[in-house]
>>> print(open('structure16.txt').read())   # compact mmCIF, C-alpha atoms
# COMPACT_ATOMS: atom_id res chain seq x y z
CA MET A 1 60.89 108.70 71.34
CA GLU A 2 61.84 112.02 72.92
CA LYS A 3 65.57 112.33 73.61
CA MET A 4 66.10 112.50 77.37
CA THR A 5 69.88 112.61 77.45
CA VAL A 6 72.80 114.95 76.92
CA SER A 7 75.80 114.28 74.67
CA GLN A 8 78.91 113.62 76.69
CA LEU A 9 82.38 113.74 75.16
CA SER A 10 84.81 111.00 76.19
CA ILE A 11 88.38 111.70 75.22
CA PHE A 12 91.21 109.19 75.39
CA LEU A 13 94.20 110.84 77.03
CA GLU A 14 97.63 109.39 77.49
CA ASN A 15 99.05 109.91 80.93
CA SER A 16 101.68 112.45 80.01
CA ASN A 17 102.37 116.10 80.62
CA GLY A 18 99.98 118.58 79.05
CA THR A 19 97.48 116.24 77.39
CA PHE A 20 94.49 117.60 79.31
CA LEU A 21 95.65 121.19 78.82
CA ARG A 22 95.73 120.55 75.08
CA VAL A 23 92.04 119.62 75.19
CA LEU A 24 91.18 122.69 77.23
CA ASP A 25 93.15 124.93 74.89
CA VAL A 26 91.29 123.62 71.85
CA LEU A 27 87.94 124.23 73.55
CA LYS A 28 88.99 127.70 74.65
CA GLU A 29 90.02 128.64 71.11
CA ALA A 30 86.59 127.50 69.87
CA ASN A 31 84.86 129.52 72.60
CA ILE A 32 83.25 126.41 74.09
CA SER A 33 82.49 126.40 77.83
CA LEU A 34 82.95 123.40 80.09
CA ILE A 35 79.95 122.69 82.28
CA ALA A 36 81.32 119.59 84.01
CA THR A 37 84.32 117.34 83.59
CA THR A 38 85.84 114.30 85.23
CA ILE A 39 88.79 112.03 84.49
CA ALA A 40 88.93 108.27 85.03
CA ASP A 41 92.53 107.16 84.94
CA THR A 42 94.91 104.22 84.98
CA SER A 43 98.69 104.48 85.21
CA ASP A 44 99.07 104.73 81.41
CA TYR A 45 96.00 106.56 80.17
CA GLY A 46 92.75 108.13 81.19
CA ILE A 47 89.36 108.99 79.84
CA CYS A 48 88.26 112.56 80.22
CA ARG A 49 84.50 113.03 80.20
CA ILE A 50 83.15 116.45 79.35
CA ILE A 51 79.76 118.09 79.36
CA CYS A 52 79.95 121.39 77.50
CA ASP A 53 77.59 123.96 76.03
CA TYR A 54 77.94 122.90 72.37
CA PRO A 55 78.95 119.21 72.39
CA MET A 56 78.68 118.44 68.66
CA LYS A 57 80.76 121.49 67.74
CA ALA A 58 83.32 120.44 70.36
CA VAL A 59 83.54 116.88 69.00
CA GLU A 60 84.17 118.12 65.49
CA ILE A 61 86.92 120.49 66.58
CA LEU A 62 88.61 118.01 68.92
CA ARG A 63 88.60 115.32 66.22
CA GLN A 64 90.16 117.77 63.76
CA THR A 65 93.11 118.08 66.13
CA GLY A 66 93.59 114.30 66.03
CA LEU A 67 92.16 113.45 69.44
CA ALA A 68 90.21 110.21 69.93
CA VAL A 69 86.77 111.40 70.99
CA ALA A 70 83.63 109.36 71.54
CA VAL A 71 80.13 110.73 72.08
CA THR A 72 77.96 108.98 74.65
CA GLU A 73 74.39 109.69 75.60
CA VAL A 74 74.16 110.12 79.36
CA PHE A 75 71.43 111.32 81.69
CA ALA A 76 71.77 114.72 83.35
CA LEU A 77 69.21 114.68 86.13
CA SER A 78 68.36 118.10 87.48
CA LEU A 79 67.49 117.81 91.17
CA GLU A 80 66.65 120.14 94.01
CA ASN A 81 69.79 121.29 95.79
CA ARG A 82 68.92 119.79 99.18
CA PRO A 83 70.31 117.05 101.43
CA GLY A 84 69.12 113.63 100.30
CA ALA A 85 68.16 114.60 96.75
CA ALA A 86 70.75 112.25 95.25
CA VAL A 87 69.91 109.24 97.39
CA ASP A 88 66.19 109.62 96.70
CA VAL A 89 66.75 109.46 92.96
CA LEU A 90 69.40 106.76 93.04
CA LYS A 91 67.11 104.53 95.10
CA ILE A 92 64.52 104.82 92.33
CA PHE A 93 67.13 103.58 89.83
CA GLN A 94 68.16 100.76 92.12
CA ASP A 95 64.56 99.70 92.63
CA GLY A 96 64.14 99.73 88.86
CA GLY A 97 67.14 97.38 88.48
CA GLN A 98 69.34 99.98 86.80
CA ASN A 99 73.07 99.93 87.52
CA LEU A 100 75.14 103.03 86.93
CA PRO A 101 78.65 102.36 85.58
CA TYR A 102 79.66 105.90 86.53
CA LEU A 103 78.28 109.12 87.92
CA TYR A 104 79.45 112.64 88.60
CA SER A 105 77.70 115.83 89.59
CA PHE A 106 77.77 119.60 89.46
CA ILE A 107 75.76 122.48 90.86
CA ALA A 108 74.43 125.16 88.54
CA ARG A 109 71.62 127.68 88.77
CA ASP A 110 70.66 126.40 92.23
CA ARG A 111 70.09 122.92 90.87
CA PHE A 112 72.09 119.81 91.75
CA VAL A 113 72.76 117.96 88.50
CA ILE A 114 73.74 114.29 88.44
CA VAL A 115 75.34 113.07 85.23
CA CYS A 116 75.21 109.30 84.86
CA ARG A 117 75.25 106.50 82.39
CA THR A 118 72.95 103.56 82.90
CA GLU A 119 73.15 100.08 81.45
CA ASN A 120 69.79 100.33 79.71
CA LEU A 121 68.93 103.69 78.19
CA GLU A 122 65.32 102.82 77.34
CA GLN A 123 64.42 101.34 80.71
CA SER A 124 66.05 104.24 82.51
CA SER A 125 64.22 106.75 80.32
CA GLU A 126 60.95 105.08 81.23
CA ILE A 127 61.78 105.30 84.95
CA ILE A 128 62.68 109.00 84.63
CA ARG A 129 59.46 109.71 82.74
CA ASN A 130 57.23 107.72 85.10
CA GLU A 131 58.78 109.24 88.23
CA GLY A 132 58.67 112.78 86.83
CA ILE A 133 62.40 113.36 87.40
CA CYS A 134 63.66 116.60 85.79
CA PHE A 135 66.34 116.08 83.18
CA LEU A 136 68.46 118.17 80.83
CA THR A 137 68.94 117.71 77.10
CA ASP A 138 71.51 119.20 74.71
CA GLU A 139 69.17 122.15 74.10
CA ASN A 140 69.43 123.11 77.79
CA LEU A 141 73.23 123.12 77.90
CA PRO A 142 74.00 126.57 76.42
CA GLN A 143 72.12 128.25 79.30
CA PHE A 144 74.69 126.81 81.76
CA SER A 145 77.67 128.47 80.10
CA MET B 1 92.87 92.50 66.01
CA GLU B 2 90.76 94.99 64.14
CA GLU B 3 90.67 97.48 67.03
CA PHE B 4 94.32 98.32 66.43
CA ALA B 5 96.10 100.22 63.67
CA PRO B 6 99.21 98.56 62.19
CA ARG B 7 101.39 100.90 64.23
CA TYR B 8 103.37 99.58 67.14
CA MET B 9 106.57 100.03 69.06
CA LEU B 10 108.39 97.41 71.10
CA ILE B 11 110.28 98.69 74.11
CA VAL B 12 112.79 96.37 75.68
CA ASP B 13 114.15 97.18 79.12
CA ARG B 14 115.88 95.49 82.03
CA VAL B 15 114.35 95.64 85.48
CA ASN B 16 116.06 93.82 88.41
CA ASN B 17 118.19 91.79 85.99
CA LEU B 18 115.14 90.65 84.05
CA ASP B 19 114.38 91.68 80.49
CA THR B 20 110.96 93.24 80.05
CA LEU B 21 108.94 93.89 76.93
CA THR B 22 106.37 96.65 76.52
CA VAL B 23 104.26 96.69 73.39
CA GLN B 24 102.82 100.09 72.53
CA VAL B 25 100.00 99.84 70.06
CA GLU B 26 97.77 102.47 68.46
CA MET B 27 94.00 102.15 68.55
CA ARG B 28 92.06 102.84 65.39
CA PRO B 29 89.99 106.04 65.75
CA GLU B 30 86.85 104.31 64.42
CA PHE B 31 86.91 101.88 67.34
CA PHE B 32 86.89 104.69 69.82
CA THR B 33 83.11 104.80 69.80
CA ALA B 34 80.36 105.17 72.38
CA ASN B 35 81.49 102.10 74.34
CA PHE B 36 84.78 103.73 75.15
CA ASP B 37 83.47 106.19 77.71
CA HIS B 38 84.74 104.15 80.63
CA LEU B 39 87.88 102.20 81.38
CA ALA B 40 86.55 98.63 81.40
CA PRO B 41 86.42 98.10 77.58
CA LEU B 42 89.94 99.54 77.23
CA GLU B 43 91.30 97.35 80.01
CA GLU B 44 89.61 94.35 78.41
CA LEU B 45 91.15 95.20 75.03
CA SER B 46 94.58 95.54 76.56
CA LYS B 47 94.21 92.21 78.38
CA LYS B 48 92.99 90.47 75.22
CA LEU B 49 96.08 91.59 73.28
CA SER B 50 98.38 90.71 76.15
CA ASN B 51 96.94 87.17 76.31
CA LYS B 52 97.20 86.78 72.57
CA LEU B 53 100.85 87.84 72.60
CA LYS B 54 101.58 85.40 75.39
CA SER B 55 99.94 82.52 73.55
CA VAL B 56 101.90 83.23 70.36
CA LEU B 57 105.27 84.32 71.79
CA SER B 58 105.23 82.43 75.10
CA ILE B 59 106.52 85.54 76.87
CA SER B 60 104.69 88.10 78.92
CA ALA B 61 104.51 91.60 77.49
CA LYS B 62 103.01 94.71 78.96
CA VAL B 63 100.55 96.30 76.56
CA GLN B 64 100.28 100.09 76.41
CA LEU B 65 97.33 101.46 74.45
CA LYS B 66 98.14 104.61 72.53
CA ALA B 67 95.85 107.22 71.02
CA PRO B 68 95.52 107.24 67.23
CA GLY B 69 98.45 108.91 65.50
CA THR B 70 100.70 109.09 68.54
CA ILE B 71 103.32 106.45 67.78
CA GLN B 72 106.28 108.17 66.24
CA ARG B 73 106.49 107.84 62.46
CA SER B 74 110.05 107.65 61.31
CA GLU B 75 111.20 108.92 57.97
CA GLY B 76 113.07 106.38 55.90
CA LYS B 77 113.73 103.10 57.63
CA SER B 78 111.03 102.41 60.21
CA GLN B 79 112.00 101.84 63.79
CA PHE B 80 109.89 99.29 65.62
CA VAL B 81 112.11 98.53 68.61
CA ILE B 82 113.60 100.70 71.34
CA ASP B 83 116.15 98.88 73.45
CA ASN B 84 116.71 100.64 76.76
CA ARG B 85 118.86 97.89 78.28
CA ILE B 86 122.30 98.89 79.48
CA ILE B 87 124.52 95.91 78.82
CA LYS B 88 127.66 96.00 80.97
>>> encode(input="structure16.txt", output="structure tokens")
Amino acid sequence: MEKMTVSQLSIFLENSNGTFLRVLDVLKEANISLIATTIADTSDYGICRIICDYPMKAVEILRQTGLAVAVTEVFALSLENRPGAAVDVLKIFQDGGQNLPYLYSFIARDRFVIVCRTENLEQSSEIIRNEGICFLTDENLPQFS
Amino acid sequence: MEEFAPRYMLIVDRVNNLDTLTVQVEMRPEFFTANFDHLAPLEELSKKLSNKLKSVLSISAKVQLKAPGTIQRSEGKSQFVIDNRIIK
């Protein structure tokens, strides 16, 4: 089946001074551009999620520095940048019985991109295909950097 | 628990005249896989260890998950306990 997702990096970060900067420094040294990032945190630690132009290269380099990095396949839905674009798409997911554990967004090249994970990758892929929703894959990411 | 490396540190402290115990424990890098992209599995893991410690030790301990390789390795005799209590 055609891959309809992008590779997202999830990095475990302890809640202490400079941990996020360390990640950014490593990526800068490797000439990797961030496209979107978000941090989910508790009082002791957080998980930094990153979409970047060359995710597999980034994973390799971050792991070499001893960081705990996971790769997750998430959807990056490329929508028209207009009021209501997000709700229209999210309603389709809701109607299809798909819950989204998390979601974040960015705007690039006049498109509004929603990055989200769903509980069932296959069912969600089918919804995206059937509804003709535009999506990005890893091959599209370098053009955003 | 296979999710954890055999690296830990016990931190004893005193808060409002009560002794407290924090257990810092390192996760194994191989368990930091695709499931660990959100907080729920980590919180669950922390709770599971906390409950296990309580059932074995009969005391409550706060569990702090640490990234692989971050608990201080000591040369020579290993240190597993840090006692921050000020006994007057």
>>> interface_residues(input="structure16.txt", of="chain A", to="chain B", cutoff="7 Å", atoms="all atoms listed in the file", output="PDB file with C-alpha atoms, keeping the file's coordinate frame")
ATOM      1  CA  SER A  10      84.810 111.000  76.190  1.00  0.00           C
ATOM      2  CA  PHE A  12      91.210 109.190  75.390  1.00  0.00           C
ATOM      3  CA  GLU A  14      97.630 109.390  77.490  1.00  0.00           C
ATOM      4  CA  ASP A  44      99.070 104.730  81.410  1.00  0.00           C
ATOM      5  CA  ILE A  47      89.360 108.990  79.840  1.00  0.00           C
ATOM      6  CA  ALA A  68      90.210 110.210  69.930  1.00  0.00           C
ATOM      7  CA  VAL A  69      86.770 111.400  70.990  1.00  0.00           C
ATOM      8  CA  ALA A  70      83.630 109.360  71.540  1.00  0.00           C
ATOM      9  CA  VAL A  71      80.130 110.730  72.080  1.00  0.00           C
ATOM     10  CA  THR A  72      77.960 108.980  74.650  1.00  0.00           C
TER      11      THR A  72
END
>>> residues_around(input="structure16.txt", residues="Asn31 in chain A", least_positions_apart="3", cutoff="12 Å", atoms="all atoms listed in the file", output="list of chain:residue names")
A:Leu24, A:Asp25, A:Val26, A:Leu27, A:Lys28, A:Leu34, A:Cys52, A:Asp53, A:Tyr54, A:Pro55, A:Lys57, A:Ala58, A:Ile61, A:Pro142, A:Ser145
>>> write_last_selection(input="structure16.txt", atoms="C-alpha atoms", output="PDB file, in the coordinates of the input")
ATOM      1  CA  LEU A  24      91.180 122.690  77.230  1.00  0.00           C
ATOM      2  CA  ASP A  25      93.150 124.930  74.890  1.00  0.00           C
ATOM      3  CA  VAL A  26      91.290 123.620  71.850  1.00  0.00           C
ATOM      4  CA  LEU A  27      87.940 124.230  73.550  1.00  0.00           C
ATOM      5  CA  LYS A  28      88.990 127.700  74.650  1.00  0.00           C
ATOM      6  CA  LEU A  34      82.950 123.400  80.090  1.00  0.00           C
ATOM      7  CA  CYS A  52      79.950 121.390  77.500  1.00  0.00           C
ATOM      8  CA  ASP A  53      77.590 123.960  76.030  1.00  0.00           C
ATOM      9  CA  TYR A  54      77.940 122.900  72.370  1.00  0.00           C
ATOM     10  CA  PRO A  55      78.950 119.210  72.390  1.00  0.00           C
ATOM     11  CA  LYS A  57      80.760 121.490  67.740  1.00  0.00           C
ATOM     12  CA  ALA A  58      83.320 120.440  70.360  1.00  0.00           C
ATOM     13  CA  ILE A  61      86.920 120.490  66.580  1.00  0.00           C
ATOM     14  CA  PRO A 142      74.000 126.570  76.420  1.00  0.00           C
ATOM     15  CA  SER A 145      77.670 128.470  80.100  1.00  0.00           C
TER      16      SER A 145
END
>>> axis_aligned_box(input="structure16.txt", around="range 35-49 of chain A", padding_each_side="5 Å", output="AutoDock Vina command-line options")
--center_x 89.5 --center_y 113.5 --center_z 82.5 --size_x 29.1 --size_y 28.5 --size_z 15.4
>>> closest_residue(input="structure16.txt", among="A:Arg111, A:Ile127, A:Ser7, A:Pro101", to="Pro41 in chain B", atoms="all atoms listed in the file")
A:Pro101
>>> atom_distance(input="structure16.txt", atom1="CA of Ser16 in chain A", atom2="CA of Gln24 in chain B")
14.5 Å
>>> atom_distance(input="structure16.txt", atom1="CA of Ser105 in chain A", atom2="CA of Glu60 in chain A")
25.1 Å
>>> atom_distance(input="structure16.txt", atom1="CA of Leu136 in chain A", atom2="CA of Val89 in chain A")
15.0 Å
>>> residues_around(input="structure16.txt", residues="range 10-13 of chain B", least_positions_apart="4", cutoff="10 Å", atoms="all atoms listed in the file", output="ChimeraX atom specification")
/B:17-25,61-63,79-86
>>> write_last_selection(input="structure16.txt", atoms="C-alpha atoms", output="PDB file, in the frame of the given file")
ATOM      1  CA  ASN B  17     118.190  91.790  85.990  1.00  0.00           C
ATOM      2  CA  LEU B  18     115.140  90.650  84.050  1.00  0.00           C
ATOM      3  CA  ASP B  19     114.380  91.680  80.490  1.00  0.00           C
ATOM      4  CA  THR B  20     110.960  93.240  80.050  1.00  0.00           C
ATOM      5  CA  LEU B  21     108.940  93.890  76.930  1.00  0.00           C
ATOM      6  CA  THR B  22     106.370  96.650  76.520  1.00  0.00           C
ATOM      7  CA  VAL B  23     104.260  96.690  73.390  1.00  0.00           C
ATOM      8  CA  GLN B  24     102.820 100.090  72.530  1.00  0.00           C
ATOM      9  CA  VAL B  25     100.000  99.840  70.060  1.00  0.00           C
ATOM     10  CA  ALA B  61     104.510  91.600  77.490  1.00  0.00           C
ATOM     11  CA  LYS B  62     103.010  94.710  78.960  1.00  0.00           C
ATOM     12  CA  VAL B  63     100.550  96.300  76.560  1.00  0.00           C
ATOM     13  CA  GLN B  79     112.000 101.840  63.790  1.00  0.00           C
ATOM     14  CA  PHE B  80     109.890  99.290  65.620  1.00  0.00           C
ATOM     15  CA  VAL B  81     112.110  98.530  68.610  1.00  0.00           C
ATOM     16  CA  ILE B  82     113.600 100.700  71.340  1.00  0.00           C
ATOM     17  CA  ASP B  83     116.150  98.880  73.450  1.00  0.00           C
ATOM     18  CA  ASN B  84     116.710 100.640  76.760  1.00  0.00           C
ATOM     19  CA  ARG B  85     118.860  97.890  78.280  1.00  0.00           C
ATOM     20  CA  ILE B  86     122.300  98.890  79.480  1.00  0.00           C
TER      21      ILE B  86
END
>>> closest_residue(input="structure16.txt", among="A:Cys134, A:Tyr45, A:Leu62, A:Phe106", to="Asn17 in chain A", atoms="only C-alpha atoms")
A:Tyr45
>>> closest_residue(input="structure16.txt", among="A:Thr19, A:Gln64, A:Thr38, A:Gln123", to="Tyr102 in chain A", atoms="all atoms listed in the file")
A:Thr38
>>> closest_residue(input="structure16.txt", among="A:Ile50, A:Phe20, A:Leu100, A:Ile114", to="Ser33 in chain A", atoms="only C-alpha atoms")
A:Ile50
>>> closest_residue(input="structure16.txt", among="A:Arg63, A:Arg49, A:Arg82, A:Lys91", to="Leu103 in chain A", atoms="all atoms listed in the file")
A:Arg49
>>> residues_around(input="structure16.txt", residues="Val113 in chain A", least_positions_apart="4", cutoff="7 Å", atoms="all atoms listed in the file", output="list of chain:residue names")
A:Ala76, A:Leu77, A:Ser78, A:Leu79, A:Ser105, A:Phe106, A:Ile107
>>> build_atoms(input="structure16.txt", residues="range 53-67 of chain A", atoms="N, CA and C atoms", output="JSON list (two decimals), keeping the file's coordinate frame")
[["chain", "number", "residue", "atom", "x", "y", "z"],
["A", 53, "ASP", "N", 78.79, 123.29, 76.54],
["A", 53, "ASP", "CA", 77.59, 123.96, 76.03],
["A", 53, "ASP", "C", 77.23, 123.56, 74.60],
["A", 54, "TYR", "N", 78.23, 123.30, 73.76],
["A", 54, "TYR", "CA", 77.94, 122.90, 72.37],
["A", 54, "TYR", "C", 78.70, 121.61, 72.04],
["A", 55, "PRO", "N", 78.18, 120.46, 72.49],
["A", 55, "PRO", "CA", 78.95, 119.21, 72.39],
["A", 55, "PRO", "C", 79.30, 118.78, 70.95],
["A", 56, "MET", "N", 78.38, 118.95, 70.00],
["A", 56, "MET", "CA", 78.68, 118.44, 68.66],
["A", 56, "MET", "C", 79.76, 119.30, 67.97],
["A", 57, "LYS", "N", 79.72, 120.60, 68.28],
["A", 57, "LYS", "CA", 80.76, 121.49, 67.74],
["A", 57, "LYS", "C", 82.11, 121.10, 68.35],
["A", 58, "ALA", "N", 82.09, 120.80, 69.65],
["A", 58, "ALA", "CA", 83.32, 120.44, 70.36],
["A", 58, "ALA", "C", 83.91, 119.14, 69.80],
["A", 59, "VAL", "N", 83.05, 118.17, 69.53],
["A", 59, "VAL", "CA", 83.54, 116.88, 69.00],
["A", 59, "VAL", "C", 84.25, 117.10, 67.67],
["A", 60, "GLU", "N", 83.61, 117.88, 66.82],
["A", 60, "GLU", "CA", 84.17, 118.12, 65.49],
["A", 60, "GLU", "C", 85.55, 118.75, 65.60],
["A", 61, "ILE", "N", 85.65, 119.76, 66.45],
["A", 61, "ILE", "CA", 86.92, 120.49, 66.58],
["A", 61, "ILE", "C", 88.00, 119.62, 67.22],
["A", 62, "LEU", "N", 87.61, 118.86, 68.24],
["A", 62, "LEU", "CA", 88.61, 118.01, 68.92],
["A", 62, "LEU", "C", 89.11, 116.92, 67.97],
["A", 63, "ARG", "N", 88.18, 116.37, 67.17],
["A", 63, "ARG", "CA", 88.60, 115.32, 66.22],
["A", 63, "ARG", "C", 89.54, 115.89, 65.16],
["A", 64, "GLN", "N", 89.28, 117.13, 64.76],
["A", 64, "GLN", "CA", 90.16, 117.77, 63.76],
["A", 64, "GLN", "C", 91.60, 117.88, 64.27],
["A", 65, "THR", "N", 91.75, 117.97, 65.59],
["A", 65, "THR", "CA", 93.11, 118.08, 66.13],
["A", 65, "THR", "C", 93.75, 116.71, 66.35],
["A", 66, "GLY", "N", 93.03, 115.65, 65.96],
["A", 66, "GLY", "CA", 93.59, 114.30, 66.03],
["A", 66, "GLY", "C", 93.30, 113.57, 67.32],
["A", 67, "LEU", "N", 92.47, 114.13, 68.18],
["A", 67, "LEU", "CA", 92.16, 113.45, 69.44],
["A", 67, "LEU", "C", 91.09, 112.36, 69.22]]
